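Next comes data_35.cif, with mmCIF, C-alpha atoms.
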```
data_data
#
loop_
_atom_site.label_atom_id
_atom_site.label_comp_id
_atom_site.auth_asym_id
_atom_site.auth_seq_id
_atom_site.Cartn_x
_atom_site.Cartn_y
_atom_site.Cartn_z
CA MET A 1 -9.18 6.94 8.73
CA ASN A 2 -10.97 7.69 12.01
CA GLY A 3 -9.10 10.96 12.51
CA ASN A 4 -5.63 9.54 11.83
CA PHE A 5 -3.09 9.27 9.05
CA TYR A 6 -1.61 5.82 8.45
CA LEU A 7 1.94 5.70 7.12
CA PHE A 8 3.32 2.59 5.42
CA THR A 9 7.09 2.47 5.12
CA LYS A 10 8.84 1.74 1.85
CA ASN A 11 11.56 -0.69 2.80
CA ARG A 12 14.87 0.13 1.09
CA SER A 13 17.11 -1.81 3.46
CA LYS A 14 20.05 -3.97 2.45
CA GLY A 15 19.01 -7.59 2.55
CA PHE A 16 15.45 -6.59 1.54
CA ASP A 17 12.93 -9.10 2.90
CA GLY A 18 9.55 -7.39 2.29
CA THR A 19 9.06 -6.20 5.87
CA PHE A 20 7.22 -2.90 6.27
CA LEU A 21 5.97 -0.88 9.22
CA VAL A 22 2.62 0.84 9.77
CA PHE A 23 2.52 4.05 11.83
CA GLN A 24 -0.44 6.07 13.06
CA VAL A 25 -0.37 9.88 13.42
CA PRO A 26 -3.34 12.05 14.49
CA ASN A 27 -4.87 14.06 11.65
CA LYS A 28 -4.82 17.38 13.47
CA GLU A 29 -2.53 20.30 14.07
CA GLY A 30 0.24 19.76 16.61
CA ASP A 31 3.43 17.89 17.33
CA PHE A 32 3.00 14.12 17.58
CA GLU A 33 5.18 11.06 17.69
CA ALA A 34 4.23 8.43 15.13
CA LYS A 35 2.85 5.33 16.89
CA LEU A 36 3.97 1.94 15.52
CA ILE A 37 0.81 -0.15 15.06
CA GLY A 38 2.02 -2.91 12.75
CA THR A 39 4.96 -4.85 11.43
CA LEU A 40 4.06 -6.91 8.37
CA LYS A 41 5.80 -8.64 5.49
CA LEU A 42 5.08 -8.95 1.78
CA GLN A 43 6.43 -11.93 -0.12
CA GLY A 44 8.89 -11.64 -3.00
CA GLY A 45 11.75 -9.48 -4.17
CA TYR A 46 11.96 -5.70 -4.30
CA ASN A 47 9.66 -5.21 -7.33
CA ASP A 48 7.12 -7.59 -5.76
CA ALA A 49 7.15 -6.17 -2.24
CA ALA A 50 8.46 -2.58 -2.01
CA ILE A 51 5.38 -0.43 -1.36
CA THR A 52 4.97 2.63 -3.60
CA SER A 53 1.40 3.71 -2.76
CA GLU A 54 -1.65 2.70 -0.78
CA THR A 55 -5.40 3.39 -0.68
CA ILE A 56 -8.41 2.50 1.46
CA ASN A 57 -11.95 1.66 0.34
CA SER A 58 -15.04 3.64 1.39
CA THR A 59 -16.09 1.14 4.08
CA LYS A 60 -12.58 1.30 5.61
CA ASP A 61 -12.20 -2.48 5.80
CA LYS A 62 -9.82 -2.96 2.87
CA ILE A 63 -6.45 -1.32 2.22
CA VAL A 64 -4.62 -1.94 -1.04
CA LEU A 65 -0.84 -1.62 -1.22
CA LEU A 66 0.82 -1.08 -4.61
CA THR A 67 4.20 -2.36 -5.73
CA HIS A 68 5.79 -2.39 -9.19
CA LYS A 69 4.35 -5.85 -9.97
CA ASN A 70 1.44 -6.48 -7.59
CA VAL A 71 -1.40 -5.19 -5.49
CA HIS A 72 -1.66 -6.52 -1.94
CA VAL A 73 -5.07 -6.40 -0.26
CA LEU A 74 -5.08 -6.02 3.54
CA THR A 75 -8.15 -7.07 5.53
CA GLY A 76 -8.81 -8.01 9.14
CA PHE A 77 -6.92 -5.04 10.66
CA THR A 78 -8.15 -2.68 13.36
CA VAL A 79 -7.54 1.07 13.54
CA ASP A 80 -4.94 0.57 16.29
CA ASN A 81 -3.41 -2.79 15.29
CA PHE A 82 -2.36 -3.94 11.85
CA ASN A 83 -0.41 -7.02 13.05
CA SER A 84 -3.46 -9.25 12.57
CA ALA A 85 -4.06 -8.10 8.98
CA LYS A 86 -4.44 -10.77 6.34
CA ILE A 87 -2.63 -10.07 3.07
CA GLN A 88 -3.75 -11.28 -0.36
CA LYS A 89 -1.22 -10.82 -3.18
CA ILE A 90 -2.69 -10.18 -6.63
CA PRO A 91 -0.18 -10.18 -9.50
CA LEU A 92 -0.64 -7.45 -12.11
CA ASN A 93 1.38 -9.46 -14.67
CA HIS A 94 3.21 -6.27 -15.58
CA ASN A 95 6.40 -4.75 -14.18
CA SER A 96 6.72 -0.96 -14.34
CA GLN A 97 7.40 1.88 -11.92
CA LYS A 98 3.86 2.03 -10.55
CA GLU A 99 3.60 4.93 -8.10
CA ALA A 100 -0.08 5.77 -7.49
CA ILE A 101 -3.24 3.85 -6.60
CA VAL A 102 -6.76 4.92 -5.62
CA PHE A 103 -10.18 3.27 -5.36
CA LEU A 104 -12.41 4.48 -8.20
CA ASP A 105 -15.22 2.61 -6.44
CA ASP A 106 -15.12 -0.29 -3.98
CA LYS A 107 -14.57 -2.81 -6.80
CA THR A 108 -12.27 -0.88 -9.13
CA LEU A 109 -8.76 0.52 -8.68
CA MET A 110 -6.98 3.17 -10.73
CA ILE A 111 -3.20 2.73 -11.01
CA ALA A 112 -0.63 5.08 -12.55
CA ASP A 113 2.97 4.40 -13.49
CA GLU A 114 5.83 6.75 -14.26
CA LYS A 115 7.06 7.25 -17.81
CA GLY A 116 10.27 5.36 -18.46
CA LYS A 117 12.42 5.20 -21.58
CA ASP A 118 10.31 2.58 -23.35
CA GLU A 119 7.16 2.20 -21.25
CA GLY A 120 4.87 3.64 -18.64
CA GLY A 121 3.26 7.03 -18.25
CA ASN A 122 -0.16 5.39 -18.17
CA VAL A 123 -3.24 5.22 -15.97
CA TYR A 124 -4.90 1.82 -15.70
CA THR A 125 -8.17 0.57 -14.24
CA PHE A 126 -8.04 -2.75 -12.44
CA PRO A 127 -11.10 -4.70 -11.22
CA LEU A 128 -10.64 -5.91 -7.67
#
```

Write the structure described by the file as structure tokens, please.
Amino acid sequence: MNGNFYLFTKNRSKGFDGTFLVFQVPNKEGDFEAKLIGTLKLQGGYNDAAITSETINSTKDKIVLLTHKNVHVLTGFTVDNFNSAKIQKIPLNHNSQKEAIVFLDDKTLMIADEKGKDEGGNVYTFPL
């Protein structure tokens, strides 16, 4: 977005509390230090709040974070400050190892999960 990559940390800390960090890195050749531009928190336990993937819509005003059980929609952020972002949690009513998300269009998401012993290995569409 706007000539930068945005990196969202996957929190694997002991005493997991849903906190994640957002870093900005220029999208060009060179050596750069990642700039911390946000510290946010998702509600719930690890499967509810550990980020596995993220995507941005075409108008660049909505970012969706994926976890094993939910999508979290971020709005109200700026390109240099994510601390003011509002987060809406949308339950998927399904727990699997979801690892990929992308906007198909600005109202539809595609989600993929990994194949486990008894489930997964699917691609889903989800209306936003």

At a cut-off of 7 Å, using only C-alpha atoms, what residues contact A:Thr75? Leave out same-chain residues fewer than 2 positions from it and give the result as a PyMOL selection string.
chain A and resi 61-63+73+77+85-87

Between A:Lys107, A:Lys35, A:Lys28, A:His72, single out the one closest to A:Ala49, counting all atoms listed in the file.
A:His72

One decimal place gives the atom CA of A:Asp105-atom CA of A:Asn70 separation as 19.0 Å

Selection dump of the PyMOL selection byres ((chain A and resi 2-9) around 12), as number ranges by chain:
A: 1, 10-13, 18-29, 32, 34-41, 49-56, 59-61, 63-66, 78-82

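What separates atom CA of A:Glu114 from atom CA of A:Val102 is a distance of 15.4 Å.
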
d(atom CA of A:Met110, atom CA of A:Gly45) in Å
23.5 Å

Would you mind listing what lies within 9 Å of A:Asp113 as a ChimeraX atom specification, with all atoms listed in the file counted and same-chain residues fewer than 2 positions away left out?
/A:68,96-100,111,115-116,120-124

Return the single residue from A:Gly44, A:Gly30, A:Gly15, A:Pro91 that is closest to A:Val71, with distances computed using only C-alpha atoms.
A:Pro91

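Across A:Thr67, A:Asn57, A:Ala112, A:Leu104, the tightest approach to A:Pro127 is made by A:Leu104 when counting all atoms listed in the file.
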
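Distances from A:Lys117, A:Phe16, A:Phe103, A:His94 to A:Tyr46 were compared using all atoms listed in the file, and the smallest one belongs to A:Phe16.
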
Centre and edges of the stretch 4-10 of chain A box, axis-aligned, 4 Å extra per side, as AutoDock Vina command-line options:
```
--center_x 1.6 --center_y 5.6 --center_z 6.8 --size_x 22.5 --size_y 15.8 --size_z 18.0
```
